[in-house]
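Peer 1: Below is data.cif; it holds mmCIF, C-alpha atoms and all ligand atoms.
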```cif
data_my_file
loop_
_atom_site.label_atom_id
_atom_site.label_comp_id
_atom_site.auth_asym_id
_atom_site.auth_seq_id
_atom_site.Cartn_x
_atom_site.Cartn_y
_atom_site.Cartn_z
CA MET A 1 52.75 18.78 -5.59
CA PRO A 2 50.56 17.89 -8.56
CA GLU A 3 49.48 14.24 -8.53
CA LEU A 4 48.03 12.08 -11.29
CA PRO A 5 44.68 13.89 -11.81
CA GLU A 6 46.37 17.30 -12.00
CA VAL A 7 48.95 16.10 -14.55
CA GLU A 8 46.20 14.41 -16.59
CA LEU A 9 44.27 17.70 -16.65
CA VAL A 10 47.36 19.63 -17.76
CA LYS A 11 47.79 17.11 -20.58
CA ARG A 12 44.18 17.58 -21.70
CA GLU A 13 44.48 21.38 -21.61
CA LEU A 14 47.71 21.36 -23.60
CA LYS A 15 46.19 19.41 -26.50
CA THR A 16 46.10 22.79 -28.27
CA VAL A 17 49.84 22.51 -29.03
CA GLU A 18 49.39 19.35 -31.07
CA ASN A 19 50.33 19.67 -34.74
CA LEU A 20 52.32 22.84 -34.13
CA THR A 21 56.07 23.05 -34.78
CA ILE A 22 58.64 24.21 -32.23
CA GLU A 23 60.48 26.96 -34.11
CA ASP A 24 62.74 28.16 -31.35
CA VAL A 25 63.61 27.37 -27.74
CA LYS A 26 64.76 29.74 -25.01
CA VAL A 27 65.86 28.89 -21.47
CA SER A 28 66.03 31.27 -18.50
CA ASP A 29 69.18 32.76 -16.99
CA LYS A 30 68.58 30.59 -13.89
CA VAL A 31 68.75 27.44 -16.01
CA VAL A 32 71.95 28.63 -17.70
CA GLU A 33 73.50 29.63 -14.36
CA GLY A 34 72.56 26.27 -12.84
CA HIS A 35 74.12 24.39 -15.73
CA ASN A 36 77.25 26.52 -15.57
CA ALA A 37 77.54 25.61 -11.89
CA GLY A 38 77.29 21.91 -12.73
CA LYS A 39 73.66 21.51 -11.61
CA LEU A 40 71.13 20.33 -14.16
CA THR A 41 68.55 22.97 -13.19
CA ILE A 42 65.20 21.83 -14.67
CA VAL A 43 66.74 20.78 -18.02
CA LYS A 44 68.24 17.37 -17.23
CA GLU A 45 70.68 17.24 -20.14
CA PRO A 46 73.10 19.76 -21.67
CA VAL A 47 71.05 22.78 -22.78
CA ASP A 48 72.45 22.75 -26.34
CA ILE A 49 71.43 19.12 -26.78
CA PHE A 50 67.99 19.82 -25.30
CA ILE A 51 67.49 22.66 -27.79
CA GLU A 52 68.86 20.62 -30.70
CA ASN A 53 66.45 17.78 -29.86
CA THR A 54 63.35 19.98 -29.66
CA LYS A 55 63.91 22.80 -32.16
CA ASN A 56 62.25 22.39 -35.58
CA MET A 57 60.30 19.38 -34.34
CA ASP A 58 56.56 18.94 -34.90
CA ILE A 59 54.50 18.20 -31.80
CA LEU A 60 52.68 15.05 -32.83
CA SER A 61 50.75 14.37 -29.63
CA LEU A 62 50.81 14.48 -25.85
CA GLY A 63 50.69 11.68 -23.34
CA ARG A 64 50.95 11.02 -19.64
CA ARG A 65 52.52 8.19 -17.69
CA GLY A 66 52.09 8.42 -13.91
CA LYS A 67 53.01 11.99 -12.99
CA TYR A 68 55.11 12.41 -16.15
CA LEU A 69 53.76 14.40 -19.05
CA TYR A 70 55.30 13.84 -22.47
CA PHE A 71 55.19 15.38 -25.92
CA ILE A 72 55.92 13.16 -28.92
CA LEU A 73 58.07 15.19 -31.31
CA GLN A 74 58.86 14.32 -34.89
CA ASN A 75 60.70 15.60 -37.92
CA ASP A 76 61.52 13.91 -41.23
CA HIS A 77 64.31 11.90 -39.69
CA GLN A 78 63.34 10.97 -36.16
CA VAL A 79 60.91 10.79 -33.28
CA LYS A 80 61.83 12.18 -29.86
CA TYR A 81 59.99 12.39 -26.56
CA LEU A 82 60.07 15.60 -24.55
CA ILE A 83 59.21 14.34 -21.09
CA GLY A 84 58.49 16.52 -18.08
CA HIS A 85 57.74 16.25 -14.38
CA LEU A 86 56.17 19.26 -12.65
CA GLY A 87 58.05 18.66 -9.38
CA MET A 88 56.62 20.72 -6.52
CA SER A 89 55.48 23.79 -8.38
CA GLY A 90 55.88 23.42 -12.14
CA ALA A 91 53.26 24.62 -14.62
CA PHE A 92 52.86 24.74 -18.39
CA PHE A 93 51.11 27.55 -20.19
CA HIS A 94 50.09 27.75 -23.85
CA LEU A 95 49.56 31.39 -24.75
CA ASN A 96 50.62 34.23 -26.99
CA SER A 97 52.68 36.25 -24.52
CA LEU A 98 54.07 35.96 -20.99
CA ASP A 99 51.79 38.83 -19.99
CA GLU A 100 48.84 36.47 -20.28
CA ILE A 101 50.10 34.53 -17.23
CA VAL A 102 47.89 35.89 -14.48
CA GLU A 103 49.88 34.66 -11.49
CA HIS A 104 52.85 36.99 -11.00
CA ASN A 105 55.17 34.24 -9.69
CA PHE A 106 54.60 32.04 -12.72
CA LYS A 107 55.12 34.99 -15.04
CA VAL A 108 58.55 35.88 -13.64
CA HIS A 109 59.70 32.31 -12.95
CA TRP A 110 59.45 30.99 -16.50
CA HIS A 111 62.37 28.68 -17.34
CA VAL A 112 61.78 27.29 -20.81
CA ILE A 113 59.86 28.85 -23.69
CA PHE A 114 59.07 26.91 -26.86
CA TYR A 115 58.10 29.29 -29.66
CA LEU A 116 55.48 27.62 -31.85
CA SER A 117 54.67 27.88 -35.54
CA ASP A 118 51.35 29.72 -35.09
CA GLY A 119 53.02 32.53 -33.12
CA SER A 120 52.01 31.11 -29.74
CA MET A 121 54.33 29.80 -27.07
CA LEU A 122 54.51 26.87 -24.72
CA VAL A 123 55.96 28.11 -21.42
CA TYR A 124 57.31 26.05 -18.55
CA SER A 125 57.31 27.99 -15.26
CA ASP A 126 58.57 26.70 -11.94
CA ILE A 127 58.93 28.76 -8.78
CA ARG A 128 60.88 26.24 -6.72
CA ARG A 129 62.70 24.64 -9.67
CA PHE A 130 62.17 21.00 -8.64
CA GLY A 131 60.60 20.20 -12.01
CA GLU A 132 62.34 18.27 -14.77
CA LEU A 133 62.41 18.44 -18.56
CA ARG A 134 64.47 16.15 -20.79
CA THR A 135 64.42 14.54 -24.21
CA ILE A 136 64.56 10.78 -24.71
CA GLY A 137 64.42 8.51 -27.76
CA LYS A 138 61.56 6.41 -26.42
CA LEU A 139 59.70 5.85 -23.15
CA SER A 140 61.33 2.46 -22.63
CA GLU A 141 64.70 4.22 -22.34
CA PHE A 142 63.60 6.17 -19.29
CA LEU A 143 64.05 4.24 -16.03
CA PRO A 144 61.32 5.87 -13.88
CA VAL A 145 58.78 4.96 -16.58
CA VAL A 146 60.21 1.47 -17.10
CA ARG A 147 59.88 0.73 -13.38
CA MET A 148 56.44 2.29 -13.04
CA ALA A 149 53.32 0.29 -12.16
CA PRO A 150 50.68 -0.06 -14.91
CA GLU A 151 48.38 2.96 -15.32
CA TYR A 152 45.67 2.96 -12.65
CA ASP A 153 42.83 2.39 -15.12
CA THR A 154 44.32 -0.61 -16.94
CA GLU A 155 43.17 -4.18 -16.41
CA GLU A 156 46.41 -5.44 -14.89
CA ALA A 157 46.88 -2.50 -12.47
CA LYS A 158 44.90 -3.92 -9.54
CA GLU A 159 46.63 -7.32 -9.67
CA HIS A 160 49.99 -5.55 -9.87
CA PHE A 161 49.06 -3.38 -6.88
CA LEU A 162 48.05 -6.35 -4.70
CA ASN A 163 51.23 -8.27 -5.55
CA ALA A 164 53.46 -5.23 -5.02
CA VAL A 165 51.93 -4.33 -1.63
CA LYS A 166 52.31 -7.93 -0.47
CA SER A 167 55.88 -8.29 -1.75
CA PRO A 168 58.51 -8.98 0.96
CA ASN A 169 60.06 -5.63 0.04
CA ASN A 170 57.01 -3.68 1.13
CA ALA A 171 55.38 -5.84 3.80
CA ALA A 172 57.14 -4.10 6.71
CA LYS A 173 56.59 -0.55 5.41
CA THR A 174 53.60 1.64 6.27
CA ILE A 175 50.80 1.44 3.72
CA LYS A 176 51.09 5.22 3.30
CA SER A 177 54.69 5.04 2.06
CA VAL A 178 53.92 2.01 -0.14
CA LEU A 179 51.02 3.90 -1.78
CA MET A 180 53.35 6.75 -2.72
CA ASP A 181 55.76 4.42 -4.53
CA SER A 182 55.18 4.66 -8.29
CA THR A 183 56.36 1.07 -8.80
CA VAL A 184 53.31 -0.02 -6.73
CA VAL A 185 50.63 2.30 -8.12
CA THR A 186 50.96 5.30 -10.44
CA GLY A 187 50.45 8.92 -9.53
CA VAL A 188 49.45 8.74 -5.85
CA GLY A 189 51.06 11.48 -3.77
CA ASN A 190 50.41 12.88 -0.33
CA ILE A 191 46.87 14.13 -1.02
CA TYR A 192 45.34 11.11 -2.71
CA ALA A 193 47.11 8.69 -0.34
CA ALA A 194 45.39 10.43 2.60
CA GLU A 195 42.01 10.58 0.89
CA SER A 196 41.94 7.00 -0.42
CA LEU A 197 43.11 5.57 2.93
CA TYR A 198 40.36 7.46 4.71
CA SER A 199 37.70 6.20 2.28
CA ALA A 200 39.04 2.64 2.67
CA LYS A 201 39.05 3.09 6.49
CA ILE A 202 42.71 2.01 6.69
CA LEU A 203 45.21 3.72 8.99
CA PRO A 204 48.18 5.16 7.06
CA THR A 205 50.46 3.88 9.84
CA ARG A 206 49.41 0.25 9.34
CA LYS A 207 52.08 -2.16 8.03
CA ALA A 208 51.30 -3.05 4.42
CA GLY A 209 51.87 -6.76 5.06
CA ASN A 210 49.20 -6.83 7.79
CA ILE A 211 46.31 -5.68 5.62
CA SER A 212 43.98 -8.32 4.19
CA VAL A 213 43.67 -8.74 0.44
CA LYS A 214 40.00 -7.85 0.69
CA ARG A 215 40.77 -4.51 2.34
CA LEU A 216 43.55 -3.84 -0.19
CA GLU A 217 41.10 -4.47 -3.02
CA GLY A 218 38.80 -1.92 -1.41
CA LEU A 219 41.69 0.53 -1.12
CA TYR A 220 42.56 0.10 -4.79
CA GLN A 221 38.98 0.92 -5.75
CA GLU A 222 39.11 4.04 -3.55
CA ILE A 223 42.26 5.20 -5.36
CA VAL A 224 40.53 4.81 -8.72
CA ASP A 225 37.42 6.58 -7.40
CA VAL A 226 39.30 9.54 -5.88
CA PHE A 227 41.27 10.01 -9.13
CA GLU A 228 38.03 10.01 -11.12
CA LEU A 229 36.33 12.37 -8.66
CA SER A 230 39.28 14.77 -8.82
CA LEU A 231 39.37 14.66 -12.63
CA SER A 232 35.68 15.55 -12.76
CA HIS A 233 36.26 18.51 -10.41
CA GLY A 234 39.23 20.02 -12.22
CA GLY A 235 41.87 18.60 -9.87
CA SER A 236 43.12 20.00 -6.57
CA THR A 237 44.42 23.53 -6.27
CA ILE A 238 46.64 23.87 -3.27
CA SER A 239 49.55 26.21 -2.67
CA ASP A 240 51.72 26.19 -5.77
CA TYR A 241 49.75 24.08 -8.20
CA ARG A 242 48.05 25.82 -11.12
CA SER A 243 46.64 24.27 -14.23
CA SER A 244 48.24 25.06 -17.56
CA THR A 245 45.83 27.90 -18.22
CA GLY A 246 46.24 29.29 -14.71
CA GLY A 247 42.78 28.13 -13.72
CA SER A 248 42.07 26.25 -10.57
CA GLY A 249 40.15 23.10 -9.76
CA GLU A 250 37.91 22.63 -6.77
CA MET A 251 38.73 19.10 -5.57
CA GLN A 252 40.34 20.69 -2.49
CA ASN A 253 36.81 21.59 -1.32
CA ARG A 254 36.00 17.88 -1.21
CA PHE A 255 38.92 16.68 0.90
CA GLN A 256 37.80 14.47 3.79
CA VAL A 257 41.06 14.50 5.77
CA TYR A 258 43.87 16.18 3.82
CA GLN A 259 44.57 19.52 5.51
CA CYS A 260 41.30 19.14 7.42
CA LYS A 261 40.71 19.62 11.13
CA ILE A 262 37.64 17.36 11.43
CA CYS A 263 36.72 14.21 9.46
CA PRO A 264 33.29 13.85 7.77
CA ALA A 265 32.11 11.86 10.83
CA GLY A 266 33.01 14.79 13.10
CA HIS A 267 36.18 13.42 14.73
CA ASP A 268 39.42 15.34 15.21
CA ILE A 269 42.01 14.68 12.52
CA THR A 270 45.44 13.39 13.56
CA THR A 271 48.55 14.62 11.75
CA LYS A 272 51.89 12.86 11.76
CA VAL A 273 54.96 12.84 9.53
CA ILE A 274 55.15 9.52 7.65
CA ALA A 275 57.59 8.89 4.82
CA GLY A 276 58.78 12.48 5.21
CA ARG A 277 55.36 13.97 4.50
CA ASN A 278 52.67 15.38 6.75
CA THR A 279 49.93 12.77 6.97
CA PHE A 280 46.28 13.42 7.84
CA TYR A 281 43.99 10.68 9.19
CA CYS A 282 41.24 9.81 11.66
CA THR A 283 42.04 7.27 14.38
CA LYS A 284 38.32 6.60 14.92
CA CYS A 285 37.23 6.01 11.31
CA GLN A 286 40.44 4.28 10.20
CA ARG A 287 41.92 1.12 11.67
ZN ZN B 1 36.54 10.05 11.77
#
```
So, in terms of structure tokens, how does the structure I just supplied come out?
Ligand SMILES: [Zn+2]
Peer 2:
Amino acid sequence: MPELPEVELVKRELKTVENLTIEDVKVSDKVVEGHNAGKLTIVKEPVDIFIENTKNMDILSLGRRGKYLYFILQNDHQVKYLIGHLGMSGAFFHLNSLDEIVEHNFKVHWHVIFYLSDGSMLVYSDIRRFGELRTIGKLSEFLPVVRMAPEYDTEEAKEHFLNAVKSPNNAAKTIKSVLMDSTVVTGVGNIYAAESLYSAKILPTRKAGNISVKRLEGLYQEIVDVFELSLSHGGSTISDYRSSTGGSGEMQNRFQVYQCKICPAGHDITTKVIAGRNTFYCTKCQR
């Protein structure tokens, strides 16, 4: 699943759609079938409303909040946000034809195509269909964003993190599950939780309430550092994740524990399911 660095990189790559107009919108048969069956497959509002809210709109700019990517759309009368979450295996492509999508699975599993004013198209592909696209009037109308912790690189984020981890709500939970809660810190998923906890030498199984403020401050810095490291290496490319242009990052070559057998100090890695996800850690380096 793409985490914050991967979504940030998609946003940067998709800057090429800014200032273009969405002239037409097409959704896949799977989306239509899902909607007909009463499931909001990928498009999380009635398809006709989704199309009405995006067609003939200019793409003003792109933004990211946590793992959500958004496009600010505008016409003469109104501003709308097209907001998306890549789920497990979503990907955006900006290209001139579907044939340019190198990966076969992404080529056949396209679900929404926005036809743009310069003849190009913005394609949303999703093999497992856990991704989400919807239109909203403004970000403050969208609950997951409203509840979200401040962005990781803002001044108030660390203070928010320390307070949230220490809150009575979270004190009895494992630090691993608290880290993956977007109301505590933005954009940390399974990979960067494992990596930052290893760097901070904290066991993922430890109760959040039992960790000293000093160690939590260290952990917060490790989260920031691993995000920055990943951004500078093009993000992580594992299983289903592909960047918008189909390229791949190489952060996965720098993992210390995630999907590793041996830690950098040469110890065997332990794996255990925590918060429903496979968790990788070292019982010798982490305490
Ligand atoms: Zn170790």
Peer 1: Which protein, DNA or RNA residues have an atom within 10 Å of ligand ZN 1 (chain B), counting all atoms listed in the file, as an NGL selection string?
Peer 2: :A and (198 or 201 or 256-257 or 262-270 or 281-286)
Peer 1: My list of candidates is A:Val47, A:Val184, A:Leu98, A:Val123. Which is closest to Ala157 (chain A) when distances are computed with all atoms listed in the file?
Peer 2: A:Val184
Peer 1: Quote the spacing between CA of Val226 (chain A) and CA of Lys158 (chain A) in Å to one decimal place.
Peer 2: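 Answer for the CA of Val226 (chain A) to CA of Lys158 (chain A) separation: 15.0 Å.
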Peer 1: Using all atoms listed in the file, which protein or nucleic acid residues come within 6 Å of region 204-215 of chain A? Drop anything in the same chain fewer than 5 positions from it, and give the result as a list in words.
Peer 2: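 Here the qualifying residues turn out to be Lys166, Ala171, Ala172, Lys173, Thr174, Ile175 and Lys176 of chain A.
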Peer 1: Give me the residues near region 80-97 of chain A as a ChimeraX atom specification, where near means some atom within 6 Å (using only C-alpha atoms) and where sequence neighbours in that chain fewer than 3 positions away do not count.
Peer 2: /A:1,68-73,100,120-126,130-137,240-241,244-245
Peer 1: Go ahead and write the residues just picked, C-alpha atoms, as a compact mmCIF listing (two decimals), in the coordinates of the input.
Peer 2:
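out19.txt, freshly written:
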```txt
# COMPACT_ATOMS: atom_id res chain seq x y z
CA MET A 1 52.75 18.78 -5.59
CA TYR A 68 55.11 12.41 -16.15
CA LEU A 69 53.76 14.40 -19.05
CA TYR A 70 55.30 13.84 -22.47
CA PHE A 71 55.19 15.38 -25.92
CA ILE A 72 55.92 13.16 -28.92
CA LEU A 73 58.07 15.19 -31.31
CA GLU A 100 48.84 36.47 -20.28
CA SER A 120 52.01 31.11 -29.74
CA MET A 121 54.33 29.80 -27.07
CA LEU A 122 54.51 26.87 -24.72
CA VAL A 123 55.96 28.11 -21.42
CA TYR A 124 57.31 26.05 -18.55
CA SER A 125 57.31 27.99 -15.26
CA ASP A 126 58.57 26.70 -11.94
CA PHE A 130 62.17 21.00 -8.64
CA GLY A 131 60.60 20.20 -12.01
CA GLU A 132 62.34 18.27 -14.77
CA LEU A 133 62.41 18.44 -18.56
CA ARG A 134 64.47 16.15 -20.79
CA THR A 135 64.42 14.54 -24.21
CA ILE A 136 64.56 10.78 -24.71
CA GLY A 137 64.42 8.51 -27.76
CA ASP A 240 51.72 26.19 -5.77
CA TYR A 241 49.75 24.08 -8.20
CA SER A 244 48.24 25.06 -17.56
CA THR A 245 45.83 27.90 -18.22
```
Peer 1: Could you check the closest approach to His160 (chain A) for each of A:Glu222, A:Asp29, A:Asp118, A:Glu217 and tell me which residue wins, using all atoms listed in the file?
Peer 2: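 Closest candidate: A:Glu217.
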Peer 1: So that I can check the surroundings of Pro150 (chain A), please list as a PyMOL selection string every protein, DNA and RNA residue that reaches within 10 Å of it, counting all atoms listed in the file and ignoring chain neighbours fewer than 5 positions away.
Peer 2: chain A and resi 65-66+145+155-161+182-186
Peer 1: May I ask for the distance between CA of Leu219 (chain A) and CA of Leu179 (chain A), given in Å to one decimal place?
Peer 2: 9.9 Å
Peer 1: Take region 84-95 of chain A, model all heavy atoms, and hand the result over as a PDB file, keeping the file's coordinate frame.
Peer 2:
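Contents of the output file selection-v8.pdb:
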```pdb
ATOM      1  N   GLY A  84      58.392  15.556 -19.170  1.00  0.00           N
ATOM      2  CA  GLY A  84      58.490  16.520 -18.080  1.00  0.00           C
ATOM      3  C   GLY A  84      57.814  16.044 -16.807  1.00  0.00           C
ATOM      4  O   GLY A  84      56.863  15.264 -16.847  1.00  0.00           O
ATOM      5  N   HIS A  85      58.344  16.495 -15.694  1.00  0.00           N
ATOM      6  CA  HIS A  85      57.740  16.250 -14.380  1.00  0.00           C
ATOM      7  C   HIS A  85      57.604  17.621 -13.724  1.00  0.00           C
ATOM      8  O   HIS A  85      58.548  18.405 -13.716  1.00  0.00           O
ATOM      9  CB  HIS A  85      58.665  15.333 -13.561  1.00  0.00           C
ATOM     10  CG  HIS A  85      58.033  14.793 -12.324  1.00  0.00           C
ATOM     11  ND1 HIS A  85      57.737  15.580 -11.238  1.00  0.00           N
ATOM     12  CD2 HIS A  85      57.631  13.539 -12.004  1.00  0.00           C
ATOM     13  CE1 HIS A  85      57.172  14.821 -10.301  1.00  0.00           C
ATOM     14  NE2 HIS A  85      57.093  13.580 -10.738  1.00  0.00           N
ATOM     15  N   LEU A  86      56.431  17.915 -13.176  1.00  0.00           N
ATOM     16  CA  LEU A  86      56.170  19.260 -12.650  1.00  0.00           C
ATOM     17  C   LEU A  86      56.810  19.509 -11.280  1.00  0.00           C
ATOM     18  O   LEU A  86      56.764  20.636 -10.780  1.00  0.00           O
ATOM     19  CB  LEU A  86      54.663  19.508 -12.569  1.00  0.00           C
ATOM     20  CG  LEU A  86      53.895  19.404 -13.895  1.00  0.00           C
ATOM     21  CD1 LEU A  86      52.397  19.502 -13.654  1.00  0.00           C
ATOM     22  CD2 LEU A  86      54.340  20.488 -14.874  1.00  0.00           C
ATOM     23  N   GLY A  87      57.389  18.477 -10.683  1.00  0.00           N
ATOM     24  CA  GLY A  87      58.050  18.660  -9.380  1.00  0.00           C
ATOM     25  C   GLY A  87      57.071  19.175  -8.349  1.00  0.00           C
ATOM     26  O   GLY A  87      55.938  18.713  -8.261  1.00  0.00           O
ATOM     27  N   MET A  88      57.486  20.163  -7.561  1.00  0.00           N
ATOM     28  CA  MET A  88      56.620  20.720  -6.520  1.00  0.00           C
ATOM     29  C   MET A  88      55.714  21.818  -7.059  1.00  0.00           C
ATOM     30  O   MET A  88      54.611  22.001  -6.580  1.00  0.00           O
ATOM     31  CB  MET A  88      57.490  21.331  -5.393  1.00  0.00           C
ATOM     32  CG  MET A  88      58.384  20.351  -4.673  1.00  0.00           C
ATOM     33  SD  MET A  88      57.461  19.051  -3.828  1.00  0.00           S
ATOM     34  CE  MET A  88      56.861  19.955  -2.393  1.00  0.00           C
ATOM     35  N   SER A  89      56.202  22.562  -8.023  1.00  0.00           N
ATOM     36  CA  SER A  89      55.480  23.790  -8.380  1.00  0.00           C
ATOM     37  C   SER A  89      55.598  24.158  -9.861  1.00  0.00           C
ATOM     38  O   SER A  89      55.540  25.318 -10.213  1.00  0.00           O
ATOM     39  CB  SER A  89      56.004  24.953  -7.534  1.00  0.00           C
ATOM     40  OG  SER A  89      57.409  25.074  -7.728  1.00  0.00           O
ATOM     41  N   GLY A  90      55.763  23.139 -10.710  1.00  0.00           N
ATOM     42  CA  GLY A  90      55.880  23.420 -12.140  1.00  0.00           C
ATOM     43  C   GLY A  90      54.530  23.642 -12.794  1.00  0.00           C
ATOM     44  O   GLY A  90      53.514  23.146 -12.320  1.00  0.00           O
ATOM     45  N   ALA A  91      54.505  24.398 -13.884  1.00  0.00           N
ATOM     46  CA  ALA A  91      53.260  24.620 -14.620  1.00  0.00           C
ATOM     47  C   ALA A  91      53.582  24.919 -16.080  1.00  0.00           C
ATOM     48  O   ALA A  91      54.583  25.569 -16.379  1.00  0.00           O
ATOM     49  CB  ALA A  91      52.479  25.777 -14.022  1.00  0.00           C
ATOM     50  N   PHE A  92      52.752  24.410 -16.968  1.00  0.00           N
ATOM     51  CA  PHE A  92      52.860  24.740 -18.390  1.00  0.00           C
ATOM     52  C   PHE A  92      51.766  25.726 -18.764  1.00  0.00           C
ATOM     53  O   PHE A  92      50.649  25.651 -18.255  1.00  0.00           O
ATOM     54  CB  PHE A  92      52.659  23.482 -19.244  1.00  0.00           C
ATOM     55  CG  PHE A  92      53.873  22.610 -19.372  1.00  0.00           C
ATOM     56  CD1 PHE A  92      53.975  21.427 -18.654  1.00  0.00           C
ATOM     57  CD2 PHE A  92      54.905  22.951 -20.242  1.00  0.00           C
ATOM     58  CE1 PHE A  92      55.083  20.605 -18.782  1.00  0.00           C
ATOM     59  CE2 PHE A  92      56.010  22.133 -20.380  1.00  0.00           C
ATOM     60  CZ  PHE A  92      56.108  20.958 -19.653  1.00  0.00           C
ATOM     61  N   PHE A  93      52.094  26.618 -19.663  1.00  0.00           N
ATOM     62  CA  PHE A  93      51.110  27.550 -20.190  1.00  0.00           C
ATOM     63  C   PHE A  93      51.218  27.574 -21.714  1.00  0.00           C
ATOM     64  O   PHE A  93      52.323  27.597 -22.246  1.00  0.00           O
ATOM     65  CB  PHE A  93      51.351  28.978 -19.665  1.00  0.00           C
ATOM     66  CG  PHE A  93      51.341  29.075 -18.166  1.00  0.00           C
ATOM     67  CD1 PHE A  93      52.518  28.927 -17.429  1.00  0.00           C
ATOM     68  CD2 PHE A  93      50.155  29.311 -17.481  1.00  0.00           C
ATOM     69  CE1 PHE A  93      52.506  29.014 -16.041  1.00  0.00           C
ATOM     70  CE2 PHE A  93      50.133  29.399 -16.092  1.00  0.00           C
ATOM     71  CZ  PHE A  93      51.310  29.248 -15.378  1.00  0.00           C
ATOM     72  N   HIS A  94      50.091  27.548 -22.398  1.00  0.00           N
ATOM     73  CA  HIS A  94      50.090  27.750 -23.850  1.00  0.00           C
ATOM     74  C   HIS A  94      49.373  29.056 -24.122  1.00  0.00           C
ATOM     75  O   HIS A  94      48.163  29.171 -23.898  1.00  0.00           O
ATOM     76  CB  HIS A  94      49.376  26.576 -24.552  1.00  0.00           C
ATOM     77  CG  HIS A  94      49.398  26.722 -26.045  1.00  0.00           C
ATOM     78  ND1 HIS A  94      48.400  26.225 -26.852  1.00  0.00           N
ATOM     79  CD2 HIS A  94      50.307  27.310 -26.876  1.00  0.00           C
ATOM     80  CE1 HIS A  94      48.698  26.506 -28.123  1.00  0.00           C
ATOM     81  NE2 HIS A  94      49.844  27.161 -28.155  1.00  0.00           N
ATOM     82  N   LEU A  95      50.130  30.060 -24.576  1.00  0.00           N
ATOM     83  CA  LEU A  95      49.560  31.390 -24.750  1.00  0.00           C
ATOM     84  C   LEU A  95      50.358  32.186 -25.773  1.00  0.00           C
ATOM     85  O   LEU A  95      51.314  31.660 -26.369  1.00  0.00           O
ATOM     86  CB  LEU A  95      49.491  32.119 -23.399  1.00  0.00           C
ATOM     87  CG  LEU A  95      50.499  31.701 -22.303  1.00  0.00           C
ATOM     88  CD1 LEU A  95      51.872  32.178 -22.644  1.00  0.00           C
ATOM     89  CD2 LEU A  95      50.051  32.214 -20.961  1.00  0.00           C
TER      90      LEU A  95
END
```
